>>> print(open('start34.tsv').read())   # TSV, C-alpha atoms (C1' of nucleotides)
chain	number	residue	atom	x	y	z
A	24	MET	CA	11.87	13.44	-23.90
A	25	GLY	CA	9.90	14.23	-20.76
A	26	ARG	CA	9.53	12.17	-17.67
A	27	PRO	CA	10.51	8.55	-18.30
A	28	SER	CA	8.13	5.72	-17.61
A	29	LEU	CA	8.71	4.01	-14.30
A	30	LEU	CA	7.79	0.67	-15.85
A	31	PRO	CA	10.26	-1.75	-17.46
A	32	VAL	CA	8.01	-1.84	-20.55
A	33	HIS	CA	6.17	1.16	-21.87
A	34	PRO	CA	2.37	1.13	-21.29
A	35	LYS	CA	1.81	1.64	-24.99
A	36	GLN	CA	3.66	-1.52	-25.90
A	37	LEU	CA	1.94	-3.48	-23.14
A	38	THR	CA	-1.45	-2.24	-24.29
A	39	LEU	CA	-0.79	-3.29	-27.87
A	40	ARG	CA	0.45	-6.73	-26.80
A	41	ILE	CA	-2.66	-7.39	-24.75
A	42	LEU	CA	-4.97	-6.25	-27.53
A	43	LYS	CA	-3.11	-8.35	-30.10
A	44	LYS	CA	-3.56	-11.45	-27.97
A	45	SER	CA	-7.23	-10.76	-27.31
A	46	LYS	CA	-9.65	-12.25	-29.79
A	47	LYS	CA	-12.38	-9.97	-28.59
A	48	PRO	CA	-12.57	-6.20	-28.35
A	49	MET	CA	-11.63	-4.89	-24.91
A	50	SER	CA	-12.82	-1.87	-22.98
A	51	ALA	CA	-10.34	0.62	-21.56
A	52	TYR	CA	-11.06	-0.61	-18.05
A	53	ASP	CA	-10.66	-4.24	-19.12
A	54	LEU	CA	-7.23	-3.21	-20.31
A	55	LEU	CA	-6.52	-1.33	-17.11
A	56	GLU	CA	-7.26	-4.44	-15.05
A	57	ARG	CA	-4.78	-6.40	-17.13
A	58	LEU	CA	-2.21	-3.62	-16.95
A	59	ARG	CA	-2.35	-3.29	-13.18
A	60	SER	CA	-0.10	-6.33	-12.79
A	61	TYR	CA	2.53	-4.40	-14.73
A	62	GLY	CA	2.27	-1.40	-12.44
A	63	VAL	CA	-0.23	0.74	-14.35
A	64	ASN	CA	-2.57	2.45	-11.90
A	65	GLY	CA	-4.62	5.08	-13.69
A	66	ALA	CA	-7.16	5.34	-16.45
A	67	PRO	CA	-5.36	8.26	-18.11
A	68	VAL	CA	-2.33	6.05	-18.74
A	69	VAL	CA	-4.51	3.59	-20.64
A	70	TYR	CA	-6.37	6.27	-22.56
A	71	ARG	CA	-3.13	7.96	-23.55
A	72	ALA	CA	-1.69	4.69	-24.76
A	73	LEU	CA	-4.86	4.01	-26.74
A	74	ALA	CA	-4.96	7.50	-28.23
A	75	SER	CA	-1.42	7.11	-29.46
A	76	LEU	CA	-2.06	3.65	-30.91
A	77	ILE	CA	-5.23	4.83	-32.60
A	78	LYS	CA	-3.44	7.79	-34.10
A	79	SER	CA	-0.90	5.52	-35.70
A	80	GLY	CA	-3.63	3.23	-36.98
A	81	THR	CA	-2.45	0.29	-34.90
A	82	VAL	CA	-5.64	0.17	-32.86
A	83	HIS	CA	-9.25	0.91	-33.75
A	84	LYS	CA	-11.94	2.13	-31.42
A	85	ILE	CA	-15.34	0.55	-31.85
A	86	HIS	CA	-17.59	3.42	-30.93
A	87	ALA	CA	-20.76	1.39	-30.80
A	88	GLN	CA	-19.30	-0.65	-27.94
A	89	ASN	CA	-16.70	1.65	-26.42
A	90	THR	CA	-14.15	-1.06	-26.99
A	91	PHE	CA	-10.81	-1.32	-28.73
A	92	ILE	CA	-9.19	-3.84	-31.06
A	93	ALA	CA	-5.74	-4.20	-32.53
A	94	CYS	CA	-5.76	-3.78	-36.30
A	95	ASN	CA	-5.39	-7.18	-37.86
A	96	CYS	CA	-3.04	-5.94	-40.54
A	97	ASP	CA	0.23	-7.79	-40.15
A	98	ALA	CA	2.63	-5.46	-41.84
A	99	ASP	CA	3.38	-1.81	-41.35
A	100	HIS	CA	1.61	-0.99	-44.60
A	101	ASP	CA	-0.50	2.10	-44.82
A	102	HIS	CA	-3.96	1.72	-43.49
A	103	ASP	CA	-7.14	2.50	-45.22
A	104	LEU	CA	-10.81	2.12	-44.65
A	105	SER	CA	-11.79	-0.80	-42.52
A	106	VAL	CA	-15.28	-2.20	-42.30
A	107	LEU	CA	-16.45	-4.04	-39.21
A	108	THR	CA	-19.67	-5.88	-38.59
A	109	ILE	CA	-20.99	-5.84	-35.04
A	110	CYS	CA	-23.61	-8.35	-34.03
A	111	GLN	CA	-26.38	-6.58	-32.16
A	112	ARG	CA	-27.18	-9.71	-30.22
A	113	CYS	CA	-23.86	-11.33	-29.23
A	114	ASP	CA	-21.54	-8.33	-29.76
A	115	ARG	CA	-19.16	-10.34	-31.92
A	116	VAL	CA	-17.06	-8.20	-34.22
A	117	GLU	CA	-15.75	-9.24	-37.62
A	118	GLU	CA	-13.73	-7.40	-40.20
A	119	LEU	CA	-15.18	-7.36	-43.68
A	120	HIS	CA	-12.92	-7.54	-46.68
A	121	ASP	CA	-15.48	-6.49	-49.21
A	122	HIS	CA	-13.59	-4.70	-51.88
A	123	LYS	CA	-16.67	-3.31	-53.55
A	124	ILE	CA	-17.60	-1.41	-50.41
A	125	ILE	CA	-14.10	-0.10	-50.01
A	126	HIS	CA	-14.07	1.01	-53.63
A	127	GLN	CA	-17.48	2.59	-53.17
A	128	LEU	CA	-16.22	4.58	-50.25
A	129	GLU	CA	-13.16	5.55	-52.22
A	130	GLY	CA	-15.61	6.79	-54.83
A	131	LEU	CA	-17.13	9.07	-52.22
A	132	ARG	CA	-13.72	10.50	-51.63
A	133	ARG	CA	-13.28	11.34	-55.26
A	134	LYS	CA	-16.66	13.02	-55.24
A	135	GLY	CA	-15.44	15.44	-52.63
A	136	VAL	CA	-16.23	13.78	-49.34
A	137	PRO	CA	-12.87	13.81	-47.60
A	138	LEU	CA	-13.10	10.44	-45.89
A	139	MET	CA	-10.39	10.09	-43.36
A	140	ARG	CA	-7.67	7.53	-43.63
A	141	ASP	CA	-8.19	4.88	-40.98
A	142	ALA	CA	-11.92	5.47	-41.12
A	143	VAL	CA	-13.69	2.66	-39.35
A	144	ILE	CA	-17.16	1.81	-40.56
A	145	GLU	CA	-19.23	-0.10	-38.04
A	146	LEU	CA	-22.13	-2.01	-39.48
A	147	PRO	CA	-24.79	-3.26	-37.07
A	148	VAL	CA	-25.77	-6.77	-38.12
A	149	TYR	CA	-26.90	-10.10	-36.85
A	150	CYS	CA	-24.12	-12.64	-37.19
A	151	GLN	CA	-24.78	-15.96	-38.88
A	152	THR	CA	-25.23	-17.73	-35.57
A	153	CYS	CA	-27.61	-15.18	-34.10
A	154	ALA	CA	-29.56	-14.67	-37.32
A	155	ALA	CA	-30.95	-18.17	-36.87
B	27	MET	CA	-50.87	0.08	-19.36
B	28	GLY	CA	-48.79	0.70	-16.24
B	29	ARG	CA	-48.35	3.86	-14.29
B	30	PRO	CA	-49.40	6.88	-16.32
B	31	SER	CA	-47.04	9.75	-16.92
B	32	LEU	CA	-47.53	12.62	-14.52
B	33	LEU	CA	-46.73	15.05	-17.30
B	34	PRO	CA	-49.31	16.65	-19.62
B	35	VAL	CA	-47.24	15.50	-22.58
B	36	HIS	CA	-45.42	12.21	-22.67
B	37	PRO	CA	-41.59	12.45	-22.35
B	38	LYS	CA	-41.22	10.51	-25.56
B	39	GLN	CA	-43.17	13.06	-27.55
B	40	LEU	CA	-41.34	15.93	-25.89
B	41	THR	CA	-38.00	14.32	-26.64
B	42	LEU	CA	-38.86	13.88	-30.29
B	43	ARG	CA	-40.09	17.47	-30.59
B	44	ILE	CA	-36.90	18.87	-29.15
B	45	LEU	CA	-34.73	16.70	-31.38
B	46	LYS	CA	-36.75	17.64	-34.46
B	47	LYS	CA	-36.21	21.31	-33.73
B	48	SER	CA	-32.51	20.92	-33.06
B	49	LYS	CA	-30.25	21.30	-36.07
B	50	LYS	CA	-27.42	19.66	-34.20
B	51	PRO	CA	-27.18	16.27	-32.51
B	52	MET	CA	-27.89	16.45	-28.78
B	53	SER	CA	-26.56	14.42	-25.88
B	54	ALA	CA	-28.94	12.71	-23.48
B	55	TYR	CA	-28.07	15.22	-20.79
B	56	ASP	CA	-28.56	18.14	-23.17
B	57	LEU	CA	-32.03	16.75	-23.69
B	58	LEU	CA	-32.55	16.31	-19.97
B	59	GLU	CA	-31.74	19.96	-19.35
B	60	ARG	CA	-34.35	20.96	-21.90
B	61	LEU	CA	-36.87	18.50	-20.51
B	62	ARG	CA	-36.53	19.71	-16.92
B	63	SER	CA	-38.80	22.65	-17.66
B	64	TYR	CA	-41.50	20.13	-18.52
B	65	GLY	CA	-41.05	18.27	-15.25
B	66	VAL	CA	-38.65	15.54	-16.30
B	67	ASN	CA	-36.16	14.93	-13.51
B	68	GLY	CA	-34.14	11.82	-14.22
B	69	ALA	CA	-31.76	10.41	-16.77
B	70	PRO	CA	-33.62	7.09	-17.06
B	71	VAL	CA	-36.70	8.91	-18.34
B	72	VAL	CA	-34.66	10.39	-21.16
B	73	TYR	CA	-32.87	7.15	-21.96
B	74	ARG	CA	-36.13	5.23	-22.02
B	75	ALA	CA	-37.69	7.76	-24.35
B	76	LEU	CA	-34.65	7.58	-26.60
B	77	ALA	CA	-34.57	3.79	-26.61
B	78	SER	CA	-38.17	3.68	-27.69
B	79	LEU	CA	-37.68	6.29	-30.41
B	80	ILE	CA	-34.59	4.53	-31.68
B	81	LYS	CA	-36.39	1.22	-31.79
B	82	SER	CA	-39.06	2.70	-34.03
B	83	GLY	CA	-36.45	4.30	-36.26
B	84	THR	CA	-37.56	7.82	-35.42
B	85	VAL	CA	-34.27	8.72	-33.77
B	86	HIS	CA	-30.70	7.66	-34.50
B	87	LYS	CA	-27.87	7.43	-32.02
B	88	ILE	CA	-24.52	8.68	-33.23
B	89	HIS	CA	-22.18	6.37	-31.40
B	90	ALA	CA	-19.05	8.25	-32.26
B	91	GLN	CA	-20.38	11.26	-30.35
B	92	ASN	CA	-22.84	9.75	-27.90
B	93	THR	CA	-25.45	12.07	-29.33
B	94	PHE	CA	-28.88	11.67	-30.86
B	95	ILE	CA	-30.69	13.08	-33.89
B	96	ALA	CA	-34.19	12.85	-35.20
B	97	CYS	CA	-34.39	10.99	-38.47
B	98	ASN	CA	-34.92	13.52	-41.22
B	99	CYS	CA	-37.39	11.38	-43.07
B	100	ASP	CA	-40.66	13.28	-43.24
B	101	ALA	CA	-43.13	10.50	-43.72
B	102	ASP	CA	-43.79	7.36	-41.80
B	103	HIS	CA	-42.26	5.32	-44.58
B	104	ASP	CA	-40.13	2.35	-43.73
B	105	HIS	CA	-36.59	3.15	-42.86
B	106	ASP	CA	-33.51	1.72	-44.31
B	107	LEU	CA	-29.80	2.26	-44.13
B	108	SER	CA	-28.74	5.78	-43.35
B	109	VAL	CA	-25.26	7.10	-43.91
B	110	LEU	CA	-23.94	9.99	-41.86
B	111	THR	CA	-20.71	11.88	-42.19
B	112	ILE	CA	-19.17	13.22	-39.00
B	113	CYS	CA	-16.54	15.90	-39.22
B	114	GLN	CA	-13.64	14.98	-36.98
B	115	ARG	CA	-12.76	18.60	-36.46
B	116	CYS	CA	-16.02	20.51	-36.00
B	117	ASP	CA	-18.34	17.57	-35.17
B	118	ARG	CA	-20.88	18.59	-37.77
B	119	VAL	CA	-23.08	15.76	-38.94
B	120	GLU	CA	-24.61	15.42	-42.40
B	121	GLU	CA	-26.74	12.74	-43.92
B	122	LEU	CA	-25.52	11.31	-47.18
B	123	HIS	CA	-27.96	10.37	-49.87
B	124	ASP	CA	-25.59	8.37	-51.95
B	125	HIS	CA	-27.62	5.68	-53.52
B	126	LYS	CA	-24.63	3.71	-54.74
B	127	ILE	CA	-23.44	3.18	-51.20
B	128	ILE	CA	-26.87	2.17	-50.09
B	129	HIS	CA	-27.11	-0.28	-52.95
B	130	GLN	CA	-23.67	-1.58	-52.13
B	131	LEU	CA	-24.71	-2.26	-48.60
B	132	GLU	CA	-27.89	-3.87	-49.83
B	133	GLY	CA	-25.58	-6.06	-51.89
B	134	LEU	CA	-23.87	-7.16	-48.70
B	135	ARG	CA	-27.24	-8.19	-47.38
B	136	ARG	CA	-27.91	-10.38	-50.36
B	137	LYS	CA	-24.50	-11.98	-49.89
B	138	GLY	CA	-25.52	-13.19	-46.48
B	139	VAL	CA	-24.53	-10.36	-44.15
B	140	PRO	CA	-27.78	-9.67	-42.33
B	141	LEU	CA	-27.49	-5.91	-42.10
B	142	MET	CA	-30.07	-4.57	-39.74
B	143	ARG	CA	-32.83	-2.29	-40.83
B	144	ASP	CA	-32.19	1.16	-39.47
B	145	ALA	CA	-28.46	0.54	-39.61
B	146	VAL	CA	-26.60	3.80	-39.20
B	147	ILE	CA	-23.24	4.08	-40.84
B	148	GLU	CA	-21.03	6.80	-39.41
B	149	LEU	CA	-18.25	7.96	-41.66
B	150	PRO	CA	-15.47	10.01	-40.07
B	151	VAL	CA	-14.59	12.82	-42.48
B	152	TYR	CA	-13.41	16.38	-42.69
B	153	CYS	CA	-16.24	18.58	-43.82
B	154	GLN	CA	-15.75	20.98	-46.72
B	155	THR	CA	-15.13	23.91	-44.41
B	156	CYS	CA	-12.63	22.11	-42.19
B	157	ALA	CA	-10.87	20.37	-45.05
B	158	ALA	CA	-9.50	23.75	-46.09
C	15	DC	C1'	-61.55	-8.19	-5.45
C	16	DA	C1'	-56.71	-10.13	-5.19
C	17	DC	C1'	-52.93	-10.61	-7.86
C	18	DC	C1'	-49.62	-9.88	-11.42
C	19	DA	C1'	-47.52	-7.63	-15.24
C	20	DT	C1'	-46.24	-3.25	-16.89
C	21	DT	C1'	-44.88	1.43	-16.83
C	22	DT	C1'	-43.34	5.53	-14.52
C	23	DG	C1'	-40.44	8.23	-11.52
C	24	DT	C1'	-36.64	8.67	-8.35
C	25	DA	C1'	-32.36	7.65	-6.11
C	26	DA	C1'	-28.28	5.49	-6.38
C	27	DT	C1'	-24.58	3.61	-8.77
C	28	DA	C1'	-21.82	1.84	-12.61
C	29	DA	C1'	-19.09	2.57	-16.68
C	30	DT	C1'	-16.55	5.56	-19.67
C	31	DA	C1'	-13.48	9.41	-20.27
C	32	DT	C1'	-11.04	13.73	-19.27
C	33	DA	C1'	-9.07	17.69	-16.47
C	34	DA	C1'	-5.81	19.40	-13.41
C	35	DC	C1'	-1.62	19.20	-11.33
C	36	DA	C1'	2.95	17.78	-9.51
C	37	DA	C1'	7.26	15.43	-10.72
C	38	DA	C1'	10.90	13.99	-13.81
C	39	DT	C1'	13.45	14.38	-17.70
C	40	DT	C1'	15.49	16.66	-22.18
C	41	DG	C1'	16.69	20.46	-25.03
C	42	DT	C1'	17.72	25.40	-25.68
C	43	DG	C1'	19.75	29.62	-25.16
C	44	DA	C1'	22.17	32.89	-22.08
D	9	DT	C1'	27.08	25.41	-16.56
D	10	DC	C1'	22.78	27.16	-15.36
D	11	DA	C1'	18.09	28.76	-15.73
D	12	DC	C1'	14.09	27.69	-17.91
D	13	DA	C1'	10.76	26.25	-21.23
D	14	DA	C1'	8.68	22.16	-23.33
D	15	DT	C1'	7.26	17.37	-22.81
D	16	DT	C1'	5.90	13.30	-20.89
D	17	DT	C1'	4.49	10.57	-17.03
D	18	DG	C1'	1.79	9.33	-13.00
D	19	DT	C1'	-1.74	10.40	-9.74
D	20	DT	C1'	-5.93	12.34	-7.94
D	21	DA	C1'	-10.04	14.12	-8.77
D	22	DT	C1'	-13.87	15.04	-11.53
D	23	DA	C1'	-16.88	15.12	-15.61
D	24	DT	C1'	-19.76	12.62	-18.72
D	25	DT	C1'	-22.58	8.85	-20.17
D	26	DA	C1'	-25.65	5.13	-19.01
D	27	DT	C1'	-27.85	1.56	-16.17
D	28	DT	C1'	-29.59	-0.75	-11.92
D	29	DA	C1'	-32.72	-1.08	-8.27
D	30	DC	C1'	-36.75	-0.07	-6.18
D	31	DA	C1'	-41.17	2.05	-4.78
D	32	DA	C1'	-45.59	3.68	-6.58
D	33	DA	C1'	-49.40	3.72	-9.81
D	34	DT	C1'	-52.24	1.82	-13.11
D	35	DG	C1'	-54.76	-1.87	-16.07
D	36	DG	C1'	-55.75	-6.49	-17.06
D	37	DT	C1'	-56.89	-11.39	-15.58
D	38	DG	C1'	-58.64	-15.06	-12.93
>>> encode(input="start34.tsv", output="structure tokens")
Amino acid sequence: MGRPSLLPVHPKQLTLRILKKSKKPMSAYDLLERLRSYGVNGAPVVYRALASLIKSGTVHKIHAQNTFIACNCDADHDHDLSVLTICQRCDRVEELHDHKIIHQLEGLRRKGVPLMRDAVIELPVYCQTCAA
Amino acid sequence: MGRPSLLPVHPKQLTLRILKKSKKPMSAYDLLERLRSYGVNGAPVVYRALASLIKSGTVHKIHAQNTFIACNCDADHDHDLSVLTICQRCDRVEELHDHKIIHQLEGLRRKGVPLMRDAVIELPVYCQTCAA
DNA sequence: CACCATTTGTAATAATATAACAAATTGTGA
DNA sequence: TCACAATTTGTTATATTATTACAAATGGTG
């Protein structure tokens, strides 16, 4: 199993808990600050936790912001494409549940574009508040 | 007009030229290395050139890679949504010309999601070569 | 002309992410 | 059981990406 964690709770679980509670996307170093009180001292610990969570589809990285969010799916069901809108003015992130888009992307798959499971599509927008 | 550039050719033009010639996306520091021979010495010069080019739609940033590409549109026509596929294994980037997807996204716009002009959608995929 | 706004260039620094390595544990085969 | 490889963790250091801060140079405006 390798060297055991010195912490009472594994960094991966802690990371997920914090992200679940956060309404907003968090950067890796935001997370690190929060994790320090639990004894986490290094960036690699955070990045490893995130990598693992992302691999399992539990967490998404928002590349346009270098931030991370917990997937808002409740159950352990298989993940699929998720579509996020990112306001270019206030940075607010929302998940779109537009089935037509999802189906369209699925269509791409059938046409030979091997879209990855857990693909995250980030759409730059102005949110309703900022559009005004 | 502000302080004039000391260079015979403006960094912005140089940056665009280099990106146009490059088949692959380039990082800002890749560009800087290339620009040094023309007398460009600092990262801010590159980032300012890129910001300006991105604003005019001439260059796109690929957030998932922190790289930049010249838009492959030939003319000065107005830009619209562009859809890129990014291979998660070999990092190759291709531009999709799938009109259905574009139309679908336009549909989102009409439904009230103010998608930005020059929105770049990055789809994580496995390219045909790597899928095998 | 004096002043201000703007742009450029440079130096320094911030923010994001990974590499390299030692230490601790488990499993495997002799 | 013992040696040893394979893994995982934690730490330090470093690489990569991007911005801040500031001085210098120019053009426009009163």
>>> closest_atom_pairs(input="start34.tsv", of="chain B", to="chain D", cutoff="12 Å", atoms="all atoms listed in the file", output="Markdown table")
| residue | atom | partner | partner_atom | distance |
| --- | --- | --- | --- | --- |
| B:Met27 | CA | D:DG35 | C1' | 5.5 |
| B:Gly28 | CA | D:DT34 | C1' | 4.8 |
| B:Arg29 | CA | D:DT34 | C1' | 4.5 |
| B:Pro30 | CA | D:DT34 | C1' | 6.6 |
| B:Ser31 | CA | D:DA33 | C1' | 9.6 |
| B:Leu32 | CA | D:DA33 | C1' | 10.2 |
| B:Ser53 | CA | D:DT25 | C1' | 8.9 |
| B:Ala54 | CA | D:DT25 | C1' | 8.1 |
| B:Tyr55 | CA | D:DT25 | C1' | 8.4 |
| B:Asp56 | CA | D:DT24 | C1' | 11.3 |
| B:Gly68 | CA | D:DA26 | C1' | 11.8 |
| B:Ala69 | CA | D:DA26 | C1' | 8.4 |
| B:Pro70 | CA | D:DT27 | C1' | 8.0 |
| B:Val71 | CA | D:DA26 | C1' | 11.7 |
| B:Val72 | CA | D:DA26 | C1' | 10.7 |
| B:Tyr73 | CA | D:DA26 | C1' | 8.1 |
| B:Arg74 | CA | D:DT27 | C1' | 10.8 |
| B:Ala77 | CA | D:DA26 | C1' | 11.8 |
| B:His89 | CA | D:DT25 | C1' | 11.5 |
| B:Gln91 | CA | D:DT25 | C1' | 10.7 |
| B:Asn92 | CA | D:DT25 | C1' | 7.8 |
| B:Thr93 | CA | D:DT25 | C1' | 10.1 |
>>> closest_residue(input="start34.tsv", among="B:Gly65, B:Pro51, B:Ala158, B:Ala90", to="Pro34 in chain B", atoms="only C-alpha atoms")
B:Gly65
>>> interface_residues(input="start34.tsv", of="chain A", to="chain B", cutoff="7 Å", atoms="all atoms listed in the file", output="JSON, numbers by chain")
{"A": [86, 87, 124, 127, 137, 138, 139, 142, 144, 145, 146, 147, 148, 149, 150]}
>>> write_last_selection(input="start34.tsv", atoms="C-alpha atoms", output="mmCIF file, in the coordinates of the input")
data_model
loop_
_atom_site.group_PDB
_atom_site.id
_atom_site.type_symbol
_atom_site.label_atom_id
_atom_site.label_comp_id
_atom_site.auth_asym_id
_atom_site.auth_seq_id
_atom_site.Cartn_x
_atom_site.Cartn_y
_atom_site.Cartn_z
ATOM 1 C CA HIS A 86 -17.590 3.420 -30.930
ATOM 2 C CA ALA A 87 -20.760 1.390 -30.800
ATOM 3 C CA ILE A 124 -17.600 -1.410 -50.410
ATOM 4 C CA GLN A 127 -17.480 2.590 -53.170
ATOM 5 C CA PRO A 137 -12.870 13.810 -47.600
ATOM 6 C CA LEU A 138 -13.100 10.440 -45.890
ATOM 7 C CA MET A 139 -10.390 10.090 -43.360
ATOM 8 C CA ALA A 142 -11.920 5.470 -41.120
ATOM 9 C CA ILE A 144 -17.160 1.810 -40.560
ATOM 10 C CA GLU A 145 -19.230 -0.100 -38.040
ATOM 11 C CA LEU A 146 -22.130 -2.010 -39.480
ATOM 12 C CA PRO A 147 -24.790 -3.260 -37.070
ATOM 13 C CA VAL A 148 -25.770 -6.770 -38.120
ATOM 14 C CA TYR A 149 -26.900 -10.100 -36.850
ATOM 15 C CA CYS A 150 -24.120 -12.640 -37.190
#
>>> axis_aligned_box(input="start34.tsv", around="range 23-34 of chain D", padding_each_side="6 Å", output="AutoDock Vina command-line options")
--center_x -34.6 --center_y 7.0 --center_z -12.5 --size_x 47.4 --size_y 28.2 --size_z 27.4
>>> closest_residue(input="start34.tsv", among="B:Met52, B:Thr41, B:Val66, B:Lys46", to="DT22 in chain C", atoms="all atoms listed in the file")
B:Val66
>>> interface_residues(input="start34.tsv", of="chain C", to="chain B", cutoff="12 Å", atoms="all atoms listed in the file", output="list of chain:residue names")
C:DC18, C:DA19, C:DT20, C:DT21, C:DT22, C:DG23, C:DT24, C:DA25, C:DA26, C:DT30
>>> atom_distance(input="start34.tsv", atom1="CA of Leu61 in chain B", atom2="C1' of DT32 in chain C")
26.3 Å
>>> atom_distance(input="start34.tsv", atom1="CA of Cys97 in chain B", atom2="CA of Gly83 in chain B")
7.3 Å
>>> decode(input="start34.tsv", residues="range 129-146 of chain A", atoms="N, CA and C atoms", output="compact mmCIF listing (two decimals), in the first residue's frame")
# COMPACT_ATOMS: atom_id res chain seq x y z
N GLU A 129 -22.53 13.94 -28.56
CA GLU A 129 -22.58 12.48 -28.73
C GLU A 129 -22.56 12.13 -30.21
N GLY A 130 -23.23 12.96 -30.99
CA GLY A 130 -23.24 12.77 -32.44
C GLY A 130 -21.84 12.82 -33.02
N LEU A 131 -21.04 13.75 -32.51
CA LEU A 131 -19.65 13.84 -32.94
C LEU A 131 -18.93 12.52 -32.69
N ARG A 132 -19.19 11.97 -31.54
CA ARG A 132 -18.58 10.70 -31.18
C ARG A 132 -18.89 9.64 -32.23
N ARG A 133 -20.15 9.57 -32.58
CA ARG A 133 -20.55 8.54 -33.54
C ARG A 133 -19.92 8.77 -34.91
N LYS A 134 -19.60 10.05 -35.17
CA LYS A 134 -18.98 10.36 -36.45
C LYS A 134 -17.49 10.08 -36.45
N GLY A 135 -16.97 9.61 -35.33
CA GLY A 135 -15.58 9.21 -35.32
C GLY A 135 -14.67 10.06 -34.45
N VAL A 136 -15.20 11.14 -33.90
CA VAL A 136 -14.39 11.92 -32.98
C VAL A 136 -14.50 11.28 -31.60
N PRO A 137 -13.43 10.68 -31.13
CA PRO A 137 -13.52 9.96 -29.87
C PRO A 137 -13.46 10.91 -28.68
N LEU A 138 -14.58 11.56 -28.44
CA LEU A 138 -14.71 12.46 -27.29
C LEU A 138 -14.54 11.67 -26.01
N MET A 139 -13.75 12.20 -25.13
CA MET A 139 -13.50 11.49 -23.90
C MET A 139 -14.70 11.52 -22.97
N ARG A 140 -14.85 10.48 -22.21
CA ARG A 140 -15.80 10.53 -21.11
C ARG A 140 -15.29 11.62 -20.18
N ASP A 141 -16.19 12.22 -19.43
CA ASP A 141 -15.79 13.27 -18.49
C ASP A 141 -15.20 14.49 -19.21
N ALA A 142 -15.50 14.62 -20.48
CA ALA A 142 -15.06 15.83 -21.17
C ALA A 142 -15.79 17.03 -20.57
N VAL A 143 -15.05 18.07 -20.34
CA VAL A 143 -15.64 19.29 -19.79
C VAL A 143 -15.55 20.38 -20.86
N ILE A 144 -16.68 20.88 -21.26
CA ILE A 144 -16.71 21.94 -22.25
C ILE A 144 -16.93 23.26 -21.52
N GLU A 145 -16.03 24.18 -21.72
CA GLU A 145 -16.10 25.47 -21.04
C GLU A 145 -16.49 26.54 -22.04
N LEU A 146 -17.66 27.10 -21.82
CA LEU A 146 -18.15 28.12 -22.75
C LEU A 146 -18.00 29.51 -22.15
